[in-house]
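**Q** Below you'll find model-v1.cif; it's mmCIF, C-alpha atoms.
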data_run
loop_
_atom_site.group_PDB
_atom_site.id
_atom_site.type_symbol
_atom_site.label_atom_id
_atom_site.label_comp_id
_atom_site.auth_asym_id
_atom_site.auth_seq_id
_atom_site.Cartn_x
_atom_site.Cartn_y
_atom_site.Cartn_z
ATOM 1 C CA MET X 242 -192.460 -71.266 -87.479
ATOM 2 C CA ILE X 243 -192.394 -73.485 -90.545
ATOM 3 C CA PRO X 244 -195.786 -74.730 -91.790
ATOM 4 C CA TYR X 245 -195.966 -78.245 -93.165
ATOM 5 C CA ILE X 246 -198.522 -80.575 -94.701
ATOM 6 C CA ILE X 247 -198.531 -84.351 -94.305
ATOM 7 C CA GLN X 248 -200.644 -86.258 -96.791
ATOM 8 C CA TYR X 249 -201.272 -89.791 -95.615
ATOM 9 C CA ALA X 250 -202.568 -92.559 -97.889
ATOM 10 C CA ASN X 251 -205.465 -94.196 -96.090
ATOM 11 C CA PRO X 252 -207.033 -96.436 -98.722
ATOM 12 C CA SER X 253 -210.541 -97.759 -98.450
ATOM 13 C CA ASN X 254 -212.690 -99.724 -100.843
ATOM 14 C CA ASP X 255 -215.627 -97.563 -99.737
ATOM 15 C CA ASN X 256 -215.799 -94.788 -102.332
ATOM 16 C CA ARG X 257 -217.579 -92.514 -99.825
ATOM 17 C CA ILE X 258 -214.359 -92.282 -97.803
ATOM 18 C CA GLU X 259 -211.436 -90.120 -98.860
ATOM 19 C CA ASN X 260 -208.281 -92.108 -99.566
ATOM 20 C CA ILE X 261 -205.846 -89.351 -98.605
ATOM 21 C CA ASP X 262 -205.847 -87.754 -95.146
ATOM 22 C CA THR X 263 -204.223 -84.341 -94.828
ATOM 23 C CA ILE X 264 -202.653 -83.115 -91.606
ATOM 24 C CA TYR X 265 -201.515 -79.508 -91.184
ATOM 25 C CA GLY X 266 -198.846 -78.531 -88.718
ATOM 26 C CA SER X 267 -196.117 -76.045 -87.956
ATOM 27 C CA SER X 268 -192.885 -76.210 -86.076
ATOM 28 C CA GLU X 269 -189.690 -74.421 -85.350
ATOM 29 C CA LYS X 270 -187.264 -75.212 -88.169
ATOM 30 C CA ASP X 271 -184.876 -77.223 -85.977
ATOM 31 C CA LYS X 272 -187.705 -79.429 -84.615
ATOM 32 C CA MET X 273 -189.705 -79.941 -87.789
ATOM 33 C CA ASN X 274 -188.081 -83.222 -88.869
ATOM 34 C CA GLU X 275 -188.542 -84.636 -85.382
ATOM 35 C CA LYS X 276 -192.259 -83.722 -85.352
ATOM 36 C CA ILE X 277 -192.836 -85.199 -88.801
ATOM 37 C CA ILE X 278 -190.989 -88.397 -87.939
ATOM 38 C CA ASP X 279 -192.922 -88.706 -84.688
ATOM 39 C CA PHE X 280 -196.203 -88.470 -86.589
ATOM 40 C CA ILE X 281 -195.052 -91.175 -89.017
ATOM 41 C CA ILE X 282 -193.902 -93.579 -86.304
ATOM 42 C CA ASN X 283 -197.169 -93.127 -84.418
ATOM 43 C CA VAL X 284 -199.049 -94.198 -87.555
ATOM 44 C CA MET X 285 -196.668 -97.139 -87.928
ATOM 45 C CA TYR X 286 -197.307 -98.181 -84.336
ATOM 46 C CA ASP X 287 -201.078 -97.853 -84.688
ATOM 47 C CA TYR X 288 -200.903 -100.114 -87.732
ATOM 48 C CA CYS X 289 -198.406 -102.689 -86.444
ATOM 49 C CA ASN X 290 -199.181 -103.067 -82.731
ATOM 50 C CA ASP X 291 -200.761 -106.212 -81.346
ATOM 51 C CA ILE X 292 -203.519 -104.455 -79.393
ATOM 52 C CA ASP X 293 -205.610 -102.750 -82.063
ATOM 53 C CA GLY X 294 -203.329 -103.019 -85.102
ATOM 54 C CA TYR X 295 -202.389 -105.940 -87.322
ATOM 55 C CA ASN X 296 -199.637 -107.358 -85.066
ATOM 56 C CA PHE X 297 -196.823 -106.994 -87.599
ATOM 57 C CA LYS X 298 -193.162 -107.049 -86.658
ATOM 58 C CA ILE X 299 -191.224 -104.914 -89.115
ATOM 59 C CA THR X 300 -187.507 -104.568 -89.732
ATOM 60 C CA SER X 301 -187.529 -101.348 -91.762
ATOM 61 C CA TYR X 302 -189.701 -98.490 -92.907
ATOM 62 C CA ASP X 303 -189.654 -99.983 -96.402
ATOM 63 C CA GLU X 304 -191.010 -103.269 -95.039
ATOM 64 C CA PHE X 305 -193.766 -101.341 -93.246
ATOM 65 C CA CYS X 306 -194.790 -99.748 -96.557
ATOM 66 C CA HIS X 307 -194.729 -103.113 -98.324
ATOM 67 C CA ILE X 308 -196.933 -104.760 -95.685
ATOM 68 C CA TYR X 309 -199.243 -101.748 -95.520
ATOM 69 C CA TRP X 310 -200.059 -101.950 -99.225
ATOM 70 C CA LYS X 311 -200.227 -105.737 -99.199
ATOM 71 C CA VAL X 312 -202.984 -105.652 -96.556
ATOM 72 C CA HIS X 313 -205.063 -103.009 -98.342
ATOM 73 C CA GLU X 314 -207.138 -104.098 -101.285
ATOM 74 C CA VAL X 315 -207.161 -100.577 -102.698
ATOM 75 C CA LYS X 316 -203.914 -99.221 -104.120
ATOM 76 C CA ILE X 317 -203.248 -95.540 -104.739
ATOM 77 C CA LYS X 318 -201.094 -94.864 -107.779
ATOM 78 C CA ASP X 319 -197.622 -93.439 -106.975
ATOM 79 C CA TRP X 320 -198.102 -93.818 -103.198
ATOM 80 C CA TYR X 321 -195.611 -96.502 -102.186
ATOM 81 C CA PHE X 322 -194.203 -94.600 -99.184
ATOM 82 C CA ILE X 323 -197.677 -93.836 -97.714
ATOM 83 C CA PHE X 324 -196.745 -90.251 -96.759
ATOM 84 C CA THR X 325 -196.157 -87.210 -98.935
ATOM 85 C CA ILE X 326 -194.898 -84.218 -96.987
ATOM 86 C CA TYR X 327 -194.302 -80.584 -97.882
ATOM 87 C CA TYR X 328 -193.024 -77.663 -95.830
ATOM 88 C CA PHE X 329 -192.963 -73.974 -96.618
ATOM 89 C CA GLU X 330 -189.816 -71.832 -96.735
ATOM 90 C CA ASN X 331 -190.459 -69.072 -99.274
ATOM 91 C CA GLU X 332 -192.080 -71.820 -101.395
ATOM 92 C CA TRP X 333 -193.495 -75.304 -100.845
ATOM 93 C CA ILE X 334 -190.673 -77.851 -100.687
ATOM 94 C CA LYS X 335 -191.131 -81.606 -100.736
ATOM 95 C CA TRP X 336 -189.720 -83.323 -97.630
ATOM 96 C CA ASN X 337 -187.860 -86.250 -99.152
ATOM 97 C CA ILE X 338 -188.840 -89.247 -97.063
ATOM 98 C CA LEU X 339 -186.037 -91.321 -98.628
ATOM 99 C CA ASP X 340 -183.550 -89.134 -96.761
ATOM 100 C CA TYR X 341 -185.113 -90.175 -93.444
ATOM 101 C CA ILE X 342 -186.172 -93.825 -93.759
ATOM 102 C CA GLU X 343 -183.406 -95.120 -91.491
ATOM 103 C CA GLU X 344 -184.059 -92.398 -88.930
ATOM 104 C CA ILE X 345 -187.793 -93.176 -89.063
ATOM 105 C CA TYR X 346 -187.241 -96.845 -88.309
ATOM 106 C CA ILE X 347 -184.690 -96.164 -85.552
ATOM 107 C CA SER X 348 -187.075 -93.662 -83.952
ATOM 108 C CA TYR X 349 -189.870 -96.248 -84.168
ATOM 109 C CA ILE X 350 -187.726 -98.851 -82.400
ATOM 110 C CA ASN X 351 -186.543 -96.363 -79.784
ATOM 111 C CA LYS X 352 -190.027 -95.099 -78.996
ATOM 112 C CA TYR X 353 -191.923 -98.379 -79.019
ATOM 113 C CA GLY X 354 -189.198 -100.836 -78.021
ATOM 114 C CA PHE X 355 -189.597 -103.465 -80.700
#
Would you mind writing the file's structure down as structure tokens?

**A**
Amino acid sequence: MIPYIIQYANPSNDNRIENIDTIYGSSEKDKMNEKIIDFIINVMYDYCNDIDGYNFKITSYDEFCHIYWKVHEVKIKDWYFIFTIYYFENEWIKWNILDYIEEIYISYINKYGF
């Protein structure tokens, strides 16, 4: 099993609330990317859906990030992509979200049918 950490920017103008949520997980190596992407697209759906989200229609992961930060009054320095992810294989390795942005958006469309 490969342990991983997902840090998720969750800005708030209330200084009593943490601005970074941390999620810990583990997965078999061959399913890790799928689990991480599924977590990300669930957050995207929660934010964009028309039921309890902001009712945004997005055309890319990059557009999601742009809208996300535009809505929030509080910005977090160096956090454009909302998620910072690391996994452990003999050392902590950064999961490069730029390598997966197309796959993230396609998975979002496939899962939620937008």

**Q** Can you give me, as a PyMOL selection string, the residues this file yields under the PyMOL selection byres ((chain X and resi 283) around 12)?

**A** chain X and resi 276-282+284-290+294+345-346+348-350+352-353

**Q** Quick one: pull the distance between CA of Tyr245 in chain X and CA of Trp310 in chain X, Å, one decimal.

**A** 24.8 Å

**Q** Between X:Glu330, X:Asp291, X:Asp319, X:Glu344, single out the one closest to Glu275 in chain X, counting only C-alpha atoms.

**A**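 When distances to Glu275 in chain X are compared using only C-alpha atoms, the smallest one comes from X:Glu344.
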
**Q** Figure out the distance between CA of Lys298 in chain X and CA of Ile246 in chain X, please, to one decimal in Å.

**A**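 According to the coordinates, CA of Ile246 in chain X and CA of Lys298 in chain X are separated by 28.2 Å.
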
**Q** Report the distance between CA of Ser253 in chain X and CA of Glu304 in chain X in Å, rounded to one decimal place.

**A**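 CA of Glu304 in chain X lies at a distance of 20.6 Å from CA of Ser253 in chain X.
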
**Q** Identify the residues around (-201.5, -101.4, -94.6) within a radius of 9 Å, measuring from all atoms listed in the file in the coordinates stated by the file, and give them as a ChimeraX atom specification.

**A** /X:251-252,288-289,295,305-313

**Q** List the residues selected by the PyMOL selection byres ((chain X and resi 335) around 12) in the file shown, writing them as a PDB file with C-alpha atoms, in the coordinates of the input.

**A**
ATOM      1  CA  TYR X 245    -195.966 -78.245 -93.165  1.00  0.00           C
ATOM      2  CA  ILE X 246    -198.522 -80.575 -94.701  1.00  0.00           C
ATOM      3  CA  ILE X 247    -198.531 -84.351 -94.305  1.00  0.00           C
ATOM      4  CA  GLN X 248    -200.644 -86.258 -96.791  1.00  0.00           C
ATOM      5  CA  PHE X 324    -196.745 -90.251 -96.759  1.00  0.00           C
ATOM      6  CA  THR X 325    -196.157 -87.210 -98.935  1.00  0.00           C
ATOM      7  CA  ILE X 326    -194.898 -84.218 -96.987  1.00  0.00           C
ATOM      8  CA  TYR X 327    -194.302 -80.584 -97.882  1.00  0.00           C
ATOM      9  CA  TYR X 328    -193.024 -77.663 -95.830  1.00  0.00           C
ATOM     10  CA  PHE X 329    -192.963 -73.974 -96.618  1.00  0.00           C
ATOM     11  CA  GLU X 330    -189.816 -71.832 -96.735  1.00  0.00           C
ATOM     12  CA  GLU X 332    -192.080 -71.820-101.395  1.00  0.00           C
ATOM     13  CA  TRP X 333    -193.495 -75.304-100.845  1.00  0.00           C
ATOM     14  CA  ILE X 334    -190.673 -77.851-100.687  1.00  0.00           C
ATOM     15  CA  TRP X 336    -189.720 -83.323 -97.630  1.00  0.00           C
ATOM     16  CA  ASN X 337    -187.860 -86.250 -99.152  1.00  0.00           C
ATOM     17  CA  ILE X 338    -188.840 -89.247 -97.063  1.00  0.00           C
ATOM     18  CA  LEU X 339    -186.037 -91.321 -98.628  1.00  0.00           C
ATOM     19  CA  ASP X 340    -183.550 -89.134 -96.761  1.00  0.00           C
TER      20      ASP X 340
END

**Q** For Pro244 in chain X, which residue out of X:Asp271, X:Asn260, X:Tyr265, X:Tyr302 is the nearest one, using all atoms listed in the file?

**A**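 Closest to Pro244 in chain X, using all atoms listed in the file: X:Tyr265.
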
**Q** List the residues selected by the PyMOL selection byres ((chain X and resi 242) around 9) in the file shown, writing them as a list in words.

**A** Ile243, Pro244, Ser267, Ser268, Glu269 and Lys270 of chain X

**Q** Draw an axis-aligned box tight on the listed atoms of range 318-331 of chain X, then pad every side by 4 Å and write out centre and edge lengths in Å to one decimal as lines of an AutoDock Vina configuration file.

**A**
center_x = -195.5
center_y = -82.8
center_z = -101.8
size_x = 19.3
size_y = 35.4
size_z = 19.9
